[in-house]
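*Asks:* Provided below: run-v1.csv, containing CSV, N, CA and C atoms.
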```csv
chain,number,residue,atom,x,y,z
A,1,MET,N,-4.6,-36.7,-36.0
A,1,MET,CA,-5.5,-36.3,-34.9
A,1,MET,C,-4.8,-36.5,-33.5
A,2,TRP,N,-4.0,-37.5,-33.4
A,2,TRP,CA,-3.2,-37.7,-32.1
A,2,TRP,C,-2.3,-36.5,-31.9
A,3,GLU,N,-1.6,-36.1,-33.0
A,3,GLU,CA,-0.7,-34.9,-32.8
A,3,GLU,C,-1.4,-33.7,-32.4
A,4,ILE,N,-2.6,-33.4,-32.9
A,4,ILE,CA,-3.3,-32.2,-32.5
A,4,ILE,C,-3.7,-32.3,-31.0
A,5,THR,N,-4.2,-33.5,-30.6
A,5,THR,CA,-4.6,-33.7,-29.2
A,5,THR,C,-3.4,-33.5,-28.3
A,6,MET,N,-2.2,-34.0,-28.6
A,6,MET,CA,-1.0,-33.9,-27.8
A,6,MET,C,-0.6,-32.4,-27.7
A,7,LYS,N,-0.6,-31.7,-28.9
A,7,LYS,CA,-0.2,-30.3,-28.9
A,7,LYS,C,-1.2,-29.5,-28.0
A,8,LEU,N,-2.5,-29.8,-28.1
A,8,LEU,CA,-3.4,-29.1,-27.3
A,8,LEU,C,-3.2,-29.4,-25.8
A,9,ALA,N,-2.9,-30.6,-25.5
A,9,ALA,CA,-2.6,-31.0,-24.1
A,9,ALA,C,-1.4,-30.3,-23.5
A,10,LYS,N,-0.3,-30.2,-24.3
A,10,LYS,CA,0.9,-29.5,-23.9
A,10,LYS,C,0.6,-28.0,-23.7
A,11,GLN,N,-0.2,-27.4,-24.6
A,11,GLN,CA,-0.6,-26.0,-24.4
A,11,GLN,C,-1.4,-25.7,-23.1
A,12,LEU,N,-2.3,-26.7,-22.8
A,12,LEU,CA,-3.1,-26.5,-21.6
A,12,LEU,C,-2.2,-26.7,-20.3
A,13,VAL,N,-1.2,-27.6,-20.4
A,13,VAL,CA,-0.3,-27.8,-19.3
A,13,VAL,C,0.5,-26.5,-19.1
A,14,VAL,N,1.0,-25.9,-20.2
A,14,VAL,CA,1.8,-24.7,-20.1
A,14,VAL,C,1.0,-23.5,-19.5
A,15,ALA,N,-0.2,-23.4,-20.0
A,15,ALA,CA,-1.1,-22.4,-19.5
A,15,ALA,C,-1.4,-22.5,-18.0
A,16,ALA,N,-1.7,-23.7,-17.6
A,16,ALA,CA,-2.0,-24.0,-16.2
A,16,ALA,C,-0.8,-23.7,-15.3
A,17,ALA,N,0.4,-24.1,-15.7
A,17,ALA,CA,1.6,-23.9,-15.0
A,17,ALA,C,1.9,-22.4,-14.9
A,18,THR,N,1.7,-21.7,-16.0
A,18,THR,CA,1.9,-20.2,-15.9
A,18,THR,C,1.0,-19.5,-15.0
A,19,ALA,N,-0.3,-20.0,-14.9
A,19,ALA,CA,-1.3,-19.4,-14.0
A,19,ALA,C,-0.9,-19.6,-12.6
A,20,VAL,N,-0.4,-20.8,-12.3
A,20,VAL,CA,0.0,-21.2,-10.9
A,20,VAL,C,1.2,-20.3,-10.5
A,21,LEU,N,2.2,-20.1,-11.4
A,21,LEU,CA,3.4,-19.4,-11.1
A,21,LEU,C,3.2,-17.9,-10.9
A,22,ILE,N,2.3,-17.3,-11.7
A,22,ILE,CA,2.1,-15.9,-11.6
A,22,ILE,C,1.0,-15.5,-10.6
A,23,SER,N,0.2,-16.4,-10.1
A,23,SER,CA,-0.9,-16.0,-9.2
A,23,SER,C,-0.4,-15.3,-7.9
A,24,PRO,N,0.7,-15.7,-7.3
A,24,PRO,CA,1.2,-15.0,-6.1
A,24,PRO,C,1.6,-13.6,-6.4
A,25,LEU,N,1.9,-13.3,-7.6
A,25,LEU,CA,2.4,-11.9,-8.0
A,25,LEU,C,1.3,-10.9,-8.2
A,26,LEU,N,0.1,-11.4,-8.4
A,26,LEU,CA,-1.1,-10.5,-8.6
A,26,LEU,C,-1.4,-9.8,-7.4
A,27,PRO,N,-1.8,-8.5,-7.5
A,27,PRO,CA,-2.1,-7.7,-6.3
A,27,PRO,C,-3.4,-8.2,-5.7
A,28,ALA,N,-3.5,-8.2,-4.3
A,28,ALA,CA,-4.7,-8.6,-3.6
A,28,ALA,C,-5.6,-7.4,-3.6
A,29,SER,N,-6.9,-7.6,-3.5
A,29,SER,CA,-7.9,-6.6,-3.4
A,29,SER,C,-7.7,-5.9,-2.0
A,30,PRO,N,-8.1,-4.7,-1.8
A,30,PRO,CA,-8.0,-4.0,-0.5
A,30,PRO,C,-8.6,-4.8,0.6
A,31,ALA,N,-9.7,-5.5,0.4
A,31,ALA,CA,-10.3,-6.3,1.5
A,31,ALA,C,-9.4,-7.4,1.9
A,32,GLN,N,-8.7,-8.0,1.0
A,32,GLN,CA,-7.8,-9.1,1.3
A,32,GLN,C,-6.5,-8.6,1.9
A,33,ALA,N,-6.1,-7.4,1.5
A,33,ALA,CA,-4.8,-6.9,1.9
A,33,ALA,C,-4.8,-6.5,3.4
A,34,ALA,N,-5.9,-6.0,3.9
A,34,ALA,CA,-6.0,-5.6,5.3
A,34,ALA,C,-6.1,-6.8,6.2
A,35,GLY,N,-5.5,-6.6,7.4
A,35,GLY,CA,-5.6,-7.7,8.4
A,35,GLY,C,-6.6,-7.3,9.4
A,36,SER,N,-6.7,-8.1,10.4
A,36,SER,CA,-7.6,-7.8,11.5
A,36,SER,C,-7.1,-8.4,12.8
A,37,HIS,N,-7.4,-7.8,13.9
A,37,HIS,CA,-7.0,-8.3,15.2
A,37,HIS,C,-8.3,-8.1,16.1
A,38,THR,N,-8.4,-9.1,17.0
A,38,THR,CA,-9.5,-9.0,18.1
A,38,THR,C,-8.8,-9.1,19.4
A,39,CYS,N,-9.1,-8.1,20.3
A,39,CYS,CA,-8.4,-8.0,21.6
A,39,CYS,C,-9.5,-8.0,22.7
A,40,PHE,N,-9.1,-8.5,23.8
A,40,PHE,CA,-10.1,-8.6,24.9
A,40,PHE,C,-10.2,-7.2,25.6
A,41,SER,N,-9.1,-6.5,25.8
A,41,SER,CA,-9.1,-5.3,26.5
A,41,SER,C,-8.1,-4.3,26.0
A,42,GLY,N,-8.3,-3.0,26.1
A,42,GLY,CA,-7.4,-2.1,25.5
A,42,GLY,C,-7.6,-0.7,26.0
A,43,THR,N,-6.6,0.2,25.7
A,43,THR,CA,-6.7,1.6,26.0
A,43,THR,C,-6.3,2.4,24.7
A,44,ARG,N,-6.7,3.7,24.7
A,44,ARG,CA,-6.4,4.5,23.5
A,44,ARG,C,-5.9,5.8,24.0
A,45,THR,N,-5.0,6.4,23.3
A,45,THR,CA,-4.5,7.8,23.5
A,45,THR,C,-4.6,8.6,22.3
A,46,LEU,N,-5.2,9.8,22.4
A,46,LEU,CA,-5.3,10.6,21.2
A,46,LEU,C,-4.0,11.3,20.8
A,47,GLU,N,-3.6,11.1,19.6
A,47,GLU,CA,-2.4,11.7,19.0
A,47,GLU,C,-2.8,12.5,17.8
A,48,PRO,N,-1.8,13.4,17.3
A,48,PRO,CA,-2.2,14.2,16.2
A,48,PRO,C,-2.7,13.5,14.9
A,49,ASP,N,-2.2,12.3,14.7
A,49,ASP,CA,-2.6,11.5,13.5
A,49,ASP,C,-3.7,10.5,13.8
A,50,GLY,N,-4.4,10.6,14.9
A,50,GLY,CA,-5.4,9.6,15.3
A,50,GLY,C,-5.1,9.0,16.7
A,51,TYR,N,-5.8,7.9,17.0
A,51,TYR,CA,-5.6,7.2,18.3
A,51,TYR,C,-4.4,6.3,18.2
A,52,HIS,N,-3.7,6.2,19.3
A,52,HIS,CA,-2.7,5.1,19.5
A,52,HIS,C,-3.4,4.1,20.5
A,53,LEU,N,-3.4,2.8,20.0
A,53,LEU,CA,-4.0,1.8,20.8
A,53,LEU,C,-3.0,0.8,21.4
A,54,THR,N,-3.2,0.4,22.6
A,54,THR,CA,-2.5,-0.7,23.2
A,54,THR,C,-3.6,-1.7,23.8
A,55,ALA,N,-3.4,-2.9,23.5
A,55,ALA,CA,-4.4,-3.9,23.9
A,55,ALA,C,-3.7,-5.3,24.1
A,56,ASN,N,-4.5,-6.1,24.9
A,56,ASN,CA,-4.1,-7.5,25.1
A,56,ASN,C,-5.2,-8.3,25.8
A,57,PRO,N,-5.3,-9.5,25.8
A,57,PRO,CA,-4.6,-10.4,24.8
A,57,PRO,C,-5.3,-10.3,23.5
A,58,CYS,N,-4.5,-10.4,22.4
A,58,CYS,CA,-5.0,-10.2,21.1
A,58,CYS,C,-4.7,-11.4,20.2
A,59,ASP,N,-5.6,-11.5,19.2
A,59,ASP,CA,-5.4,-12.6,18.2
A,59,ASP,C,-5.7,-12.0,16.9
A,60,GLY,N,-4.9,-12.4,15.9
A,60,GLY,CA,-5.1,-11.9,14.5
A,60,GLY,C,-3.8,-11.7,13.7
A,61,SER,N,-3.9,-11.1,12.6
A,61,SER,CA,-2.7,-10.9,11.8
A,61,SER,C,-2.9,-9.6,11.0
A,62,GLY,N,-1.8,-9.1,10.5
A,62,GLY,CA,-1.8,-7.9,9.7
A,62,GLY,C,-1.0,-6.8,10.3
A,63,PHE,N,-0.3,-6.0,9.5
A,63,PHE,CA,0.5,-4.9,10.0
A,63,PHE,C,0.1,-3.5,9.5
A,64,VAL,N,-0.5,-3.5,8.3
A,64,VAL,CA,-0.8,-2.2,7.6
A,64,VAL,C,-2.3,-2.2,7.3
A,65,ASP,N,-3.0,-1.0,7.5
A,65,ASP,CA,-4.4,-0.9,7.2
A,65,ASP,C,-5.2,-2.0,7.8
A,66,VAL,N,-5.2,-2.1,9.1
A,66,VAL,CA,-5.8,-3.2,9.8
A,66,VAL,C,-7.1,-2.8,10.6
A,67,VAL,N,-8.0,-3.7,10.8
A,67,VAL,CA,-9.2,-3.5,11.6
A,67,VAL,C,-8.9,-4.1,12.9
A,68,ILE,N,-9.1,-3.3,14.0
A,68,ILE,CA,-8.9,-3.9,15.3
A,68,ILE,C,-10.2,-3.7,16.1
A,69,HIS,N,-10.6,-4.8,16.7
A,69,HIS,CA,-11.8,-4.9,17.5
A,69,HIS,C,-11.4,-5.1,19.0
A,70,ILE,N,-11.7,-4.2,19.8
A,70,ILE,CA,-11.4,-4.3,21.2
A,70,ILE,C,-12.8,-4.6,22.0
A,71,VAL,N,-12.8,-5.7,22.7
A,71,VAL,CA,-14.1,-6.1,23.3
A,71,VAL,C,-14.4,-5.3,24.5
A,72,SER,N,-13.5,-5.0,25.4
A,72,SER,CA,-13.8,-4.3,26.7
A,72,SER,C,-12.7,-3.4,27.0
A,73,GLY,N,-13.0,-2.6,28.1
A,73,GLY,CA,-12.0,-1.6,28.5
A,73,GLY,C,-12.4,-0.2,28.0
A,74,SER,N,-11.6,0.8,28.3
A,74,SER,CA,-11.9,2.2,28.0
A,74,SER,C,-11.8,2.4,26.4
A,75,ALA,N,-11.2,1.5,25.7
A,75,ALA,CA,-11.1,1.7,24.2
A,75,ALA,C,-12.0,0.7,23.5
A,76,ALA,N,-13.0,0.2,24.2
A,76,ALA,CA,-13.9,-0.8,23.5
A,76,ALA,C,-14.5,-0.3,22.2
A,77,GLY,N,-14.4,-1.0,21.2
A,77,GLY,CA,-15.0,-0.6,19.9
A,77,GLY,C,-14.2,-1.2,18.7
A,78,THR,N,-14.5,-0.7,17.5
A,78,THR,CA,-13.8,-1.2,16.3
A,78,THR,C,-13.1,0.0,15.7
A,79,TYR,N,-11.8,-0.2,15.3
A,79,TYR,CA,-11.0,0.8,14.7
A,79,TYR,C,-10.4,0.3,13.4
A,80,ARG,N,-10.0,1.3,12.6
A,80,ARG,CA,-9.2,1.0,11.4
A,80,ARG,C,-7.9,1.8,11.6
A,81,CYS,N,-6.8,1.0,11.6
A,81,CYS,CA,-5.5,1.6,12.0
A,81,CYS,C,-4.5,1.6,10.8
A,82,ARG,N,-3.7,2.6,10.7
A,82,ARG,CA,-2.7,2.7,9.7
A,82,ARG,C,-1.6,1.6,9.8
A,83,SER,N,-1.2,1.4,11.1
A,83,SER,CA,-0.2,0.3,11.3
A,83,SER,C,-0.5,-0.3,12.7
A,84,ALA,N,0.0,-1.6,12.8
A,84,ALA,CA,-0.2,-2.3,14.0
A,84,ALA,C,0.9,-3.3,14.1
A,85,PHE,N,1.3,-3.6,15.4
A,85,PHE,CA,2.3,-4.6,15.7
A,85,PHE,C,1.8,-5.4,16.8
A,86,SER,N,1.9,-6.7,16.7
A,86,SER,CA,1.4,-7.6,17.7
A,86,SER,C,2.5,-8.6,18.0
A,87,TRP,N,2.7,-8.8,19.3
A,87,TRP,CA,3.8,-9.8,19.7
A,87,TRP,C,3.3,-10.5,21.0
A,88,ASN,N,3.2,-11.8,21.0
A,88,ASN,CA,2.8,-12.6,22.1
A,88,ASN,C,1.5,-12.1,22.8
A,89,GLY,N,0.6,-11.8,21.9
A,89,GLY,CA,-0.7,-11.4,22.5
A,89,GLY,C,-0.9,-9.9,22.8
A,90,TYR,N,0.2,-9.1,22.8
A,90,TYR,CA,0.1,-7.7,23.0
A,90,TYR,C,0.1,-7.0,21.7
A,91,LEU,N,-0.7,-5.9,21.6
A,91,LEU,CA,-0.8,-5.2,20.4
A,91,LEU,C,-0.6,-3.7,20.6
A,92,SER,N,0.1,-3.1,19.7
A,92,SER,CA,0.3,-1.6,19.7
A,92,SER,C,-0.1,-1.2,18.2
A,93,ALA,N,-0.9,-0.1,18.1
A,93,ALA,CA,-1.4,0.3,16.8
A,93,ALA,C,-1.4,1.8,16.8
A,94,SER,N,-1.1,2.4,15.6
A,94,SER,CA,-1.1,3.9,15.5
A,94,SER,C,-1.9,4.3,14.3
A,95,GLY,N,-2.2,5.6,14.3
A,95,GLY,CA,-3.0,6.2,13.2
A,95,GLY,C,-4.4,5.6,13.1
A,96,CYS,N,-5.0,5.3,14.3
A,96,CYS,CA,-6.3,4.6,14.3
A,96,CYS,C,-7.5,5.6,14.3
A,97,ARG,N,-8.6,5.2,13.7
A,97,ARG,CA,-9.8,6.0,13.6
A,97,ARG,C,-10.9,5.1,14.1
A,98,ILE,N,-11.9,5.6,14.7
A,98,ILE,CA,-13.1,4.8,15.2
A,98,ILE,C,-13.9,4.4,13.9
A,99,SER,N,-14.2,3.2,13.8
A,99,SER,CA,-14.9,2.6,12.6
A,99,SER,C,-16.3,2.3,13.0
A,100,SER,N,-17.2,2.4,12.1
A,100,SER,CA,-18.6,2.1,12.4
A,100,SER,C,-19.0,0.7,12.1
```
Would you mind writing the file's structure down as structure tokens?
*Replies:*
Amino acid sequence: MWEITMKLAKQLVVAAATAVLISPLLPASPAQAAGSHTCFSGTRTLEPDGYHLTANPCDGSGFVDVVIHIVSGSAAGTYRCRSAFSWNGYLSASGCRISS
């Protein structure tokens, strides 16, 4: 009986360790993959592939398929953007569409 219990315990430890090791390799769902930024003020420029946004001060994270919420300014609203780059509170994003 003791040998069966120890064998089962070892199998459980191996299974748990395997789950911990491979979990970072599993793909994230689209809702988790997209980042988001919130900015106080911003402007937008229409380009062939959507709007180009510039905004500051901004807080958030994410570089690809991001949601950007601009609180005030000529570009106030919520956007979904193909790409975004934020540095020291300043944000630049491209391929943006107005989101509802």
*Asks:* Which distance in Å separates atom N of A:Ser83 and atom C of A:Phe40, to one decimal?
*Replies:*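 One can read the atom N of A:Ser83 to atom C of A:Phe40 distance as 19.1 Å.
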*Asks:* Would you pick out the contacts of A:Ala76 at 8 Å or less, using all atoms listed in the file, so that residues sharing its chain but fewer than 2 positions from it are not included, and give the list as a VMD selection string?
*Replies:* chain A and resid 40 to 44 69 to 74 78 to 79
*Asks:* In Å, how far is it from atom CA of A:Ala34 to atom N of A:Val67?
*Replies:* 6.2 Å
*Asks:* Neighbouring residues of A:Ile98 were defined as those with any atom within 10 Å, considering only C-alpha atoms; residues of the same chain fewer than 3 positions away were excluded. Please report them as a list in words.
*Replies:*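 Listing them by chain and then by number gives Gly50, Tyr51, Val67, Ile68, Ala75, Gly77, Thr78, Tyr79, Arg80 and Cys81 of chain A.
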*Asks:* Figure out the distance between atom CA of A:Asp65 and atom CA of A:Trp87, please, to one decimal in Å.
*Replies:*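 If I compute the distance from atom CA of A:Trp87 to atom CA of A:Asp65, I get 17.4 Å.
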*Asks:* Using only N, CA and C atoms, can you tell me which of A:Thr54, A:Asp59, A:Pro48, A:Gly35 comes closest to A:Asn88?
*Replies:* A:Asp59
*Asks:* How would you write, as an mmCIF file with N, CA and C atoms, in the coordinates of the input, the set of residues in stretch 55-92 of chain A that DSSP gives as strand (DSSP E or B)?
*Replies:*
```cif
data_model
loop_
_atom_site.group_PDB
_atom_site.id
_atom_site.type_symbol
_atom_site.label_atom_id
_atom_site.label_comp_id
_atom_site.auth_asym_id
_atom_site.auth_seq_id
_atom_site.Cartn_x
_atom_site.Cartn_y
_atom_site.Cartn_z
ATOM 1 N N ALA A 55 -3.400 -2.900 23.500
ATOM 2 C CA ALA A 55 -4.400 -3.900 23.900
ATOM 3 C C ALA A 55 -3.700 -5.300 24.100
ATOM 4 N N ASN A 56 -4.500 -6.100 24.900
ATOM 5 C CA ASN A 56 -4.100 -7.500 25.100
ATOM 6 C C ASN A 56 -5.200 -8.300 25.800
ATOM 7 N N PRO A 57 -5.300 -9.500 25.800
ATOM 8 C CA PRO A 57 -4.600 -10.400 24.800
ATOM 9 C C PRO A 57 -5.300 -10.300 23.500
ATOM 10 N N CYS A 58 -4.500 -10.400 22.400
ATOM 11 C CA CYS A 58 -5.000 -10.200 21.100
ATOM 12 C C CYS A 58 -4.700 -11.400 20.200
ATOM 13 N N ASP A 59 -5.600 -11.500 19.200
ATOM 14 C CA ASP A 59 -5.400 -12.600 18.200
ATOM 15 C C ASP A 59 -5.700 -12.000 16.900
ATOM 16 N N GLY A 60 -4.900 -12.400 15.900
ATOM 17 C CA GLY A 60 -5.100 -11.900 14.500
ATOM 18 C C GLY A 60 -3.800 -11.700 13.700
ATOM 19 N N SER A 61 -3.900 -11.100 12.600
ATOM 20 C CA SER A 61 -2.700 -10.900 11.800
ATOM 21 C C SER A 61 -2.900 -9.600 11.000
ATOM 22 N N VAL A 64 -0.500 -3.500 8.300
ATOM 23 C CA VAL A 64 -0.800 -2.200 7.600
ATOM 24 C C VAL A 64 -2.300 -2.200 7.300
ATOM 25 N N ASP A 65 -3.000 -1.000 7.500
ATOM 26 C CA ASP A 65 -4.400 -0.900 7.200
ATOM 27 C C ASP A 65 -5.200 -2.000 7.800
ATOM 28 N N VAL A 66 -5.200 -2.100 9.100
ATOM 29 C CA VAL A 66 -5.800 -3.200 9.800
ATOM 30 C C VAL A 66 -7.100 -2.800 10.600
ATOM 31 N N VAL A 67 -8.000 -3.700 10.800
ATOM 32 C CA VAL A 67 -9.200 -3.500 11.600
ATOM 33 C C VAL A 67 -8.900 -4.100 12.900
ATOM 34 N N ILE A 68 -9.100 -3.300 14.000
ATOM 35 C CA ILE A 68 -8.900 -3.900 15.300
ATOM 36 C C ILE A 68 -10.200 -3.700 16.100
ATOM 37 N N HIS A 69 -10.600 -4.800 16.700
ATOM 38 C CA HIS A 69 -11.800 -4.900 17.500
ATOM 39 C C HIS A 69 -11.400 -5.100 19.000
ATOM 40 N N ILE A 70 -11.700 -4.200 19.800
ATOM 41 C CA ILE A 70 -11.400 -4.300 21.200
ATOM 42 C C ILE A 70 -12.800 -4.600 22.000
ATOM 43 N N VAL A 71 -12.800 -5.700 22.700
ATOM 44 C CA VAL A 71 -14.100 -6.100 23.300
ATOM 45 C C VAL A 71 -14.400 -5.300 24.500
ATOM 46 N N SER A 72 -13.500 -5.000 25.400
ATOM 47 C CA SER A 72 -13.800 -4.300 26.700
ATOM 48 C C SER A 72 -12.700 -3.400 27.000
ATOM 49 N N GLY A 77 -14.400 -1.000 21.200
ATOM 50 C CA GLY A 77 -15.000 -0.600 19.900
ATOM 51 C C GLY A 77 -14.200 -1.200 18.700
ATOM 52 N N THR A 78 -14.500 -0.700 17.500
ATOM 53 C CA THR A 78 -13.800 -1.200 16.300
ATOM 54 C C THR A 78 -13.100 0.000 15.700
ATOM 55 N N TYR A 79 -11.800 -0.200 15.300
ATOM 56 C CA TYR A 79 -11.000 0.800 14.700
ATOM 57 C C TYR A 79 -10.400 0.300 13.400
ATOM 58 N N ARG A 80 -10.000 1.300 12.600
ATOM 59 C CA ARG A 80 -9.200 1.000 11.400
ATOM 60 C C ARG A 80 -7.900 1.800 11.600
ATOM 61 N N CYS A 81 -6.800 1.000 11.600
ATOM 62 C CA CYS A 81 -5.500 1.600 12.000
ATOM 63 C C CYS A 81 -4.500 1.600 10.800
ATOM 64 N N ARG A 82 -3.700 2.600 10.700
ATOM 65 C CA ARG A 82 -2.700 2.700 9.700
ATOM 66 C C ARG A 82 -1.600 1.600 9.800
ATOM 67 N N SER A 83 -1.200 1.400 11.100
ATOM 68 C CA SER A 83 -0.200 0.300 11.300
ATOM 69 C C SER A 83 -0.500 -0.300 12.700
ATOM 70 N N ALA A 84 0.000 -1.600 12.800
ATOM 71 C CA ALA A 84 -0.200 -2.300 14.000
ATOM 72 C C ALA A 84 0.900 -3.300 14.100
ATOM 73 N N PHE A 85 1.300 -3.600 15.400
ATOM 74 C CA PHE A 85 2.300 -4.600 15.700
ATOM 75 C C PHE A 85 1.800 -5.400 16.800
ATOM 76 N N SER A 86 1.900 -6.700 16.700
ATOM 77 C CA SER A 86 1.400 -7.600 17.700
ATOM 78 C C SER A 86 2.500 -8.600 18.000
ATOM 79 N N TRP A 87 2.700 -8.800 19.300
ATOM 80 C CA TRP A 87 3.800 -9.800 19.700
ATOM 81 C C TRP A 87 3.300 -10.500 21.000
ATOM 82 N N TYR A 90 0.200 -9.100 22.800
ATOM 83 C CA TYR A 90 0.100 -7.700 23.000
ATOM 84 C C TYR A 90 0.100 -7.000 21.700
ATOM 85 N N LEU A 91 -0.700 -5.900 21.600
ATOM 86 C CA LEU A 91 -0.800 -5.200 20.400
ATOM 87 C C LEU A 91 -0.600 -3.700 20.600
ATOM 88 N N SER A 92 0.100 -3.100 19.700
ATOM 89 C CA SER A 92 0.300 -1.600 19.700
ATOM 90 C C SER A 92 -0.100 -1.200 18.200
#
```
